[in-house]
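This is start.pdb (PDB, C-alpha atoms (C1' of nucleotides)).
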ATOM      1  CA  MET A  29     131.914 108.819  60.601  1.00  0.00           C
ATOM      2  CA  LYS A  30     129.675 108.864  63.560  1.00  0.00           C
ATOM      3  CA  LYS A  31     127.121 106.159  63.464  1.00  0.00           C
ATOM      4  CA  LEU A  32     125.548 107.474  66.594  1.00  0.00           C
ATOM      5  CA  LYS A  33     123.250 109.466  64.385  1.00  0.00           C
ATOM      6  CA  ARG A  34     120.533 111.040  66.382  1.00  0.00           C
ATOM      7  CA  PHE A  35     117.016 110.988  65.120  1.00  0.00           C
ATOM      8  CA  SER A  36     117.532 114.673  64.480  1.00  0.00           C
ATOM      9  CA  ASP A  37     120.341 113.975  62.026  1.00  0.00           C
ATOM     10  CA  LEU A  38     118.123 111.626  60.073  1.00  0.00           C
ATOM     11  CA  VAL A  39     115.388 114.213  60.002  1.00  0.00           C
ATOM     12  CA  TYR A  40     117.778 116.837  58.693  1.00  0.00           C
ATOM     13  CA  THR A  41     118.955 114.460  55.970  1.00  0.00           C
ATOM     14  CA  VAL A  42     115.441 113.597  54.922  1.00  0.00           C
ATOM     15  CA  VAL A  43     114.233 117.185  54.892  1.00  0.00           C
ATOM     16  CA  ARG A  44     117.299 118.230  52.956  1.00  0.00           C
ATOM     17  CA  LYS A  45     116.352 115.710  50.259  1.00  0.00           C
ATOM     18  CA  ILE A  46     112.966 117.250  49.681  1.00  0.00           C
ATOM     19  CA  PRO A  47     112.845 118.405  46.029  1.00  0.00           C
ATOM     20  CA  LYS A  48     111.774 121.914  45.183  1.00  0.00           C
ATOM     21  CA  GLY A  49     108.061 122.299  44.801  1.00  0.00           C
ATOM     22  CA  SER A  50     107.386 119.324  47.055  1.00  0.00           C
ATOM     23  CA  VAL A  51     106.263 119.255  50.650  1.00  0.00           C
ATOM     24  CA  LEU A  52     106.339 116.393  53.110  1.00  0.00           C
ATOM     25  CA  THR A  53     104.305 116.045  56.260  1.00  0.00           C
ATOM     26  CA  TYR A  54     105.951 115.582  59.633  1.00  0.00           C
ATOM     27  CA  LYS A  55     104.567 112.078  59.590  1.00  0.00           C
ATOM     28  CA  GLU A  56     106.228 111.305  56.263  1.00  0.00           C
ATOM     29  CA  VAL A  57     109.514 112.753  57.415  1.00  0.00           C
ATOM     30  CA  ALA A  58     109.363 110.745  60.613  1.00  0.00           C
ATOM     31  CA  LYS A  59     108.602 107.630  58.613  1.00  0.00           C
ATOM     32  CA  ARG A  60     111.582 108.219  56.326  1.00  0.00           C
ATOM     33  CA  ALA A  61     113.701 108.967  59.359  1.00  0.00           C
ATOM     34  CA  GLY A  62     113.020 105.485  60.623  1.00  0.00           C
ATOM     35  CA  SER A  63     110.268 106.186  63.159  1.00  0.00           C
ATOM     36  CA  PRO A  64     106.815 106.661  61.636  1.00  0.00           C
ATOM     37  CA  LEU A  65     105.531 107.454  65.104  1.00  0.00           C
ATOM     38  CA  ALA A  66     108.120 110.059  65.907  1.00  0.00           C
ATOM     39  CA  PHE A  67     106.439 112.867  64.018  1.00  0.00           C
ATOM     40  CA  ARG A  68     106.252 114.555  67.407  1.00  0.00           C
ATOM     41  CA  ALA A  69     110.011 114.373  67.794  1.00  0.00           C
ATOM     42  CA  VAL A  70     110.431 115.695  64.258  1.00  0.00           C
ATOM     43  CA  GLY A  71     108.731 118.914  65.193  1.00  0.00           C
ATOM     44  CA  THR A  72     110.646 119.152  68.439  1.00  0.00           C
ATOM     45  CA  ILE A  73     113.930 118.638  66.646  1.00  0.00           C
ATOM     46  CA  LEU A  74     113.252 120.962  63.745  1.00  0.00           C
ATOM     47  CA  SER A  75     112.206 123.630  66.192  1.00  0.00           C
ATOM     48  CA  LYS A  76     115.670 123.455  67.728  1.00  0.00           C
ATOM     49  CA  ASN A  77     117.295 123.438  64.324  1.00  0.00           C
ATOM     50  CA  PHE A  78     118.301 126.821  62.966  1.00  0.00           C
ATOM     51  CA  ASP A  79     120.188 125.614  59.930  1.00  0.00           C
ATOM     52  CA  PRO A  80     119.111 127.503  56.759  1.00  0.00           C
ATOM     53  CA  ALA A  81     120.473 124.549  54.748  1.00  0.00           C
ATOM     54  CA  ILE A  82     117.448 122.583  55.898  1.00  0.00           C
ATOM     55  CA  PRO A  83     114.327 123.456  53.896  1.00  0.00           C
ATOM     56  CA  CYS A  84     112.198 122.876  56.935  1.00  0.00           C
ATOM     57  CA  HIS A  85     109.635 125.187  55.349  1.00  0.00           C
ATOM     58  CA  ARG A  86     108.769 122.264  53.049  1.00  0.00           C
ATOM     59  CA  VAL A  87     107.581 120.282  56.031  1.00  0.00           C
ATOM     60  CA  ILE A  88     103.954 120.822  56.869  1.00  0.00           C
ATOM     61  CA  ARG A  89     101.376 119.209  59.103  1.00  0.00           C
ATOM     62  CA  SER A  90      99.244 116.319  57.964  1.00  0.00           C
ATOM     63  CA  ASP A  91      96.198 118.535  57.798  1.00  0.00           C
ATOM     64  CA  GLY A  92      97.978 120.731  55.277  1.00  0.00           C
ATOM     65  CA  ALA A  93      98.494 123.507  57.810  1.00  0.00           C
ATOM     66  CA  MET A  94     101.861 125.094  58.493  1.00  0.00           C
ATOM     67  CA  GLY A  95     103.189 123.982  61.805  1.00  0.00           C
ATOM     68  CA  GLY A  96     105.610 126.823  62.320  1.00  0.00           C
ATOM     69  CA  TYR A  97     108.999 128.156  61.356  1.00  0.00           C
ATOM     70  CA  ASN A  98     112.041 129.137  63.326  1.00  0.00           C
ATOM     71  CA  ARG A  99     112.340 132.318  61.218  1.00  0.00           C
ATOM     72  CA  GLY A 100     108.677 133.249  61.304  1.00  0.00           C
ATOM     73  CA  ILE A 101     105.656 131.516  59.890  1.00  0.00           C
ATOM     74  CA  SER A 102     105.332 134.296  57.360  1.00  0.00           C
ATOM     75  CA  GLU A 103     108.701 133.418  55.878  1.00  0.00           C
ATOM     76  CA  LYS A 104     107.605 129.819  55.556  1.00  0.00           C
ATOM     77  CA  ILE A 105     104.505 130.757  53.619  1.00  0.00           C
ATOM     78  CA  ARG A 106     106.556 133.193  51.561  1.00  0.00           C
ATOM     79  CA  LYS A 107     109.112 130.535  50.618  1.00  0.00           C
ATOM     80  CA  LEU A 108     106.503 127.911  49.872  1.00  0.00           C
ATOM     81  CA  LYS A 109     104.632 130.394  47.741  1.00  0.00           C
ATOM     82  CA  SER A 110     107.840 131.193  45.917  1.00  0.00           C
ATOM     83  CA  GLU A 111     108.752 127.576  45.326  1.00  0.00           C
ATOM     84  CA  ALA A 112     105.212 126.390  44.839  1.00  0.00           C
ATOM     85  CA  ARG A 113     104.584 125.211  41.337  1.00  0.00           C
TER      86      ARG A 113
ATOM     87  C1'  DC B  13     115.012 107.181  85.553  1.00  0.00           C
ATOM     88  C1'  DG B  14     111.427 110.844  86.053  1.00  0.00           C
ATOM     89  C1'  DT B  15     109.804 115.243  84.665  1.00  0.00           C
ATOM     90  C1'  DA B  16     109.120 118.910  81.411  1.00  0.00           C
ATOM     91  C1'  DT B  17     108.909 120.635  76.718  1.00  0.00           C
ATOM     92  C1'  DG B  18     107.503 120.812  71.753  1.00  0.00           C
ATOM     93  C1'  DA B  19     107.171 123.514  64.468  1.00  0.00           C
ATOM     94  C1'  DC B  20     102.281 116.807  65.871  1.00  0.00           C
ATOM     95  C1'  DG B  21      98.077 113.528  65.101  1.00  0.00           C
ATOM     96  C1'  DT B  22      93.745 111.904  66.080  1.00  0.00           C
ATOM     97  C1'  DG B  23      89.276 111.851  68.248  1.00  0.00           C
ATOM     98  C1'  DC B  24      85.288 114.047  70.093  1.00  0.00           C
ATOM     99  C1'  DA B  25      81.965 117.821  71.446  1.00  0.00           C
TER     100       DA B  25
ATOM    101  C1'  DG C  24      85.118 124.488  60.969  1.00  0.00           C
ATOM    102  C1'  DT C  25      86.866 125.313  65.698  1.00  0.00           C
ATOM    103  C1'  DG C  26      88.609 124.161  70.236  1.00  0.00           C
ATOM    104  C1'  DC C  27      90.159 120.944  73.729  1.00  0.00           C
ATOM    105  C1'  DA C  28      92.170 116.670  75.662  1.00  0.00           C
ATOM    106  C1'  DC C  29      94.940 112.689  75.253  1.00  0.00           C
ATOM    107  C1'  DG C  30      98.675 110.030  73.268  1.00  0.00           C
ATOM    108  C1'  DC C  31     102.875 109.593  70.809  1.00  0.00           C
ATOM    109  C1'  DC C  32     108.258 110.095  70.389  1.00  0.00           C
ATOM    110  C1'  DA C  33     112.968 112.362  71.066  1.00  0.00           C
ATOM    111  C1'  DT C  34     115.665 115.552  73.649  1.00  0.00           C
ATOM    112  C1'  DA C  35     117.234 118.313  77.733  1.00  0.00           C
ATOM    113  C1'  DC C  36     117.852 118.676  82.648  1.00  0.00           C
TER     114       DC C  36
END
Would you write out, as structure tokens, the structure that this file holds?
Amino acid sequence: MKKLKRFSDLVYTVVRKIPKGSVLTYKEVAKRAGSPLAFRAVGTILSKNFDPAIPCHRVIRSDGAMGGYNRGISEKIRKLKSEAR
DNA sequence: CGTATGACGTGCA
DNA sequence: GTGCACGCCATAC
């Protein structure tokens, strides 16, 4: 296995572990990824990620606003609304 | 290494 | 509540 895991890989792993009906903030994800101050990088990385296996739509900003979504912000809201409980 | 970019966060007017 | 500026980190070139 590659131990040269990039911060991006950690972010993907963390986001992938987000249970349905739950949402984590970029800050939380960054913290779980190992760098609580890399929330900026989290957004940068997720923006480059186009993997549908990553529920990046469950990651929102700390103010509760939707940052964005590689497939369209509308899809993000749609998914969250669908999974929202 | 320096510069530029980005789905952020916080502070202030 | 809204808009703007600065600071933060990781990645790409």
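Contacts from chain A to chain B at a cut-off of 6 Å (all atoms listed in the file) map to A:Arg68, A:Gly71, A:Thr72, A:Ser75, A:Gly95, A:Gly96, A:Tyr97.
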Just so the selection is clear, what residues does the PyMOL selection byres ((chain A and resi 63) around 12) cover here, as a list in words?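 For this structure, the PyMOL selection byres ((chain A and resi 63) around 12) resolves to Arg34, Phe35, Ser36, Leu38, Val39, Tyr54, Lys55, Glu56, Val57, Ala58, Lys59, Arg60, Ala61, Gly62, Pro64, Leu65, Ala66, Phe67, Arg68, Ala69 and Val70 of chain A; DC31, DC32 and DA33 of chain C.
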If you measure from CA of Leu52 in chain A to CA of Val87 in chain A, what distance in Å do you get, rounded to one decimal? 5.0 Å
Nearest candidate to Val51 in chain A (options A:Gly92, A:Asp79, A:Asn98, A:Asp37; using all atoms listed in the file):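 The shortest atom-to-atom distance to Val51 in chain A comes from A:Gly92.
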Expressed in Å to a single decimal, how great is the separation between CA of Pro83 in chain A and CA of Arg44 in chain A? 6.1 Å
Quick one: everything within 12 Å of Lys109 in chain A, counting all atoms listed in the file, minus sequence neighbours fewer than 3 positions away in the same chain. Send it as a short mmCIF file (atom, residue, chain, number, x, y, z; two decimals) with C-alpha atoms, keeping the file's coordinate frame.
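Generated file (around19.cif):
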data_model
loop_
_atom_site.label_atom_id
_atom_site.label_comp_id
_atom_site.auth_asym_id
_atom_site.auth_seq_id
_atom_site.Cartn_x
_atom_site.Cartn_y
_atom_site.Cartn_z
CA LYS A 48 111.77 121.91 45.18
CA GLY A 49 108.06 122.30 44.80
CA SER A 50 107.39 119.32 47.06
CA VAL A 51 106.26 119.26 50.65
CA HIS A 85 109.64 125.19 55.35
CA ARG A 86 108.77 122.26 53.05
CA SER A 102 105.33 134.30 57.36
CA GLU A 103 108.70 133.42 55.88
CA LYS A 104 107.60 129.82 55.56
CA ILE A 105 104.50 130.76 53.62
CA ARG A 106 106.56 133.19 51.56
CA ALA A 112 105.21 126.39 44.84
CA ARG A 113 104.58 125.21 41.34
#
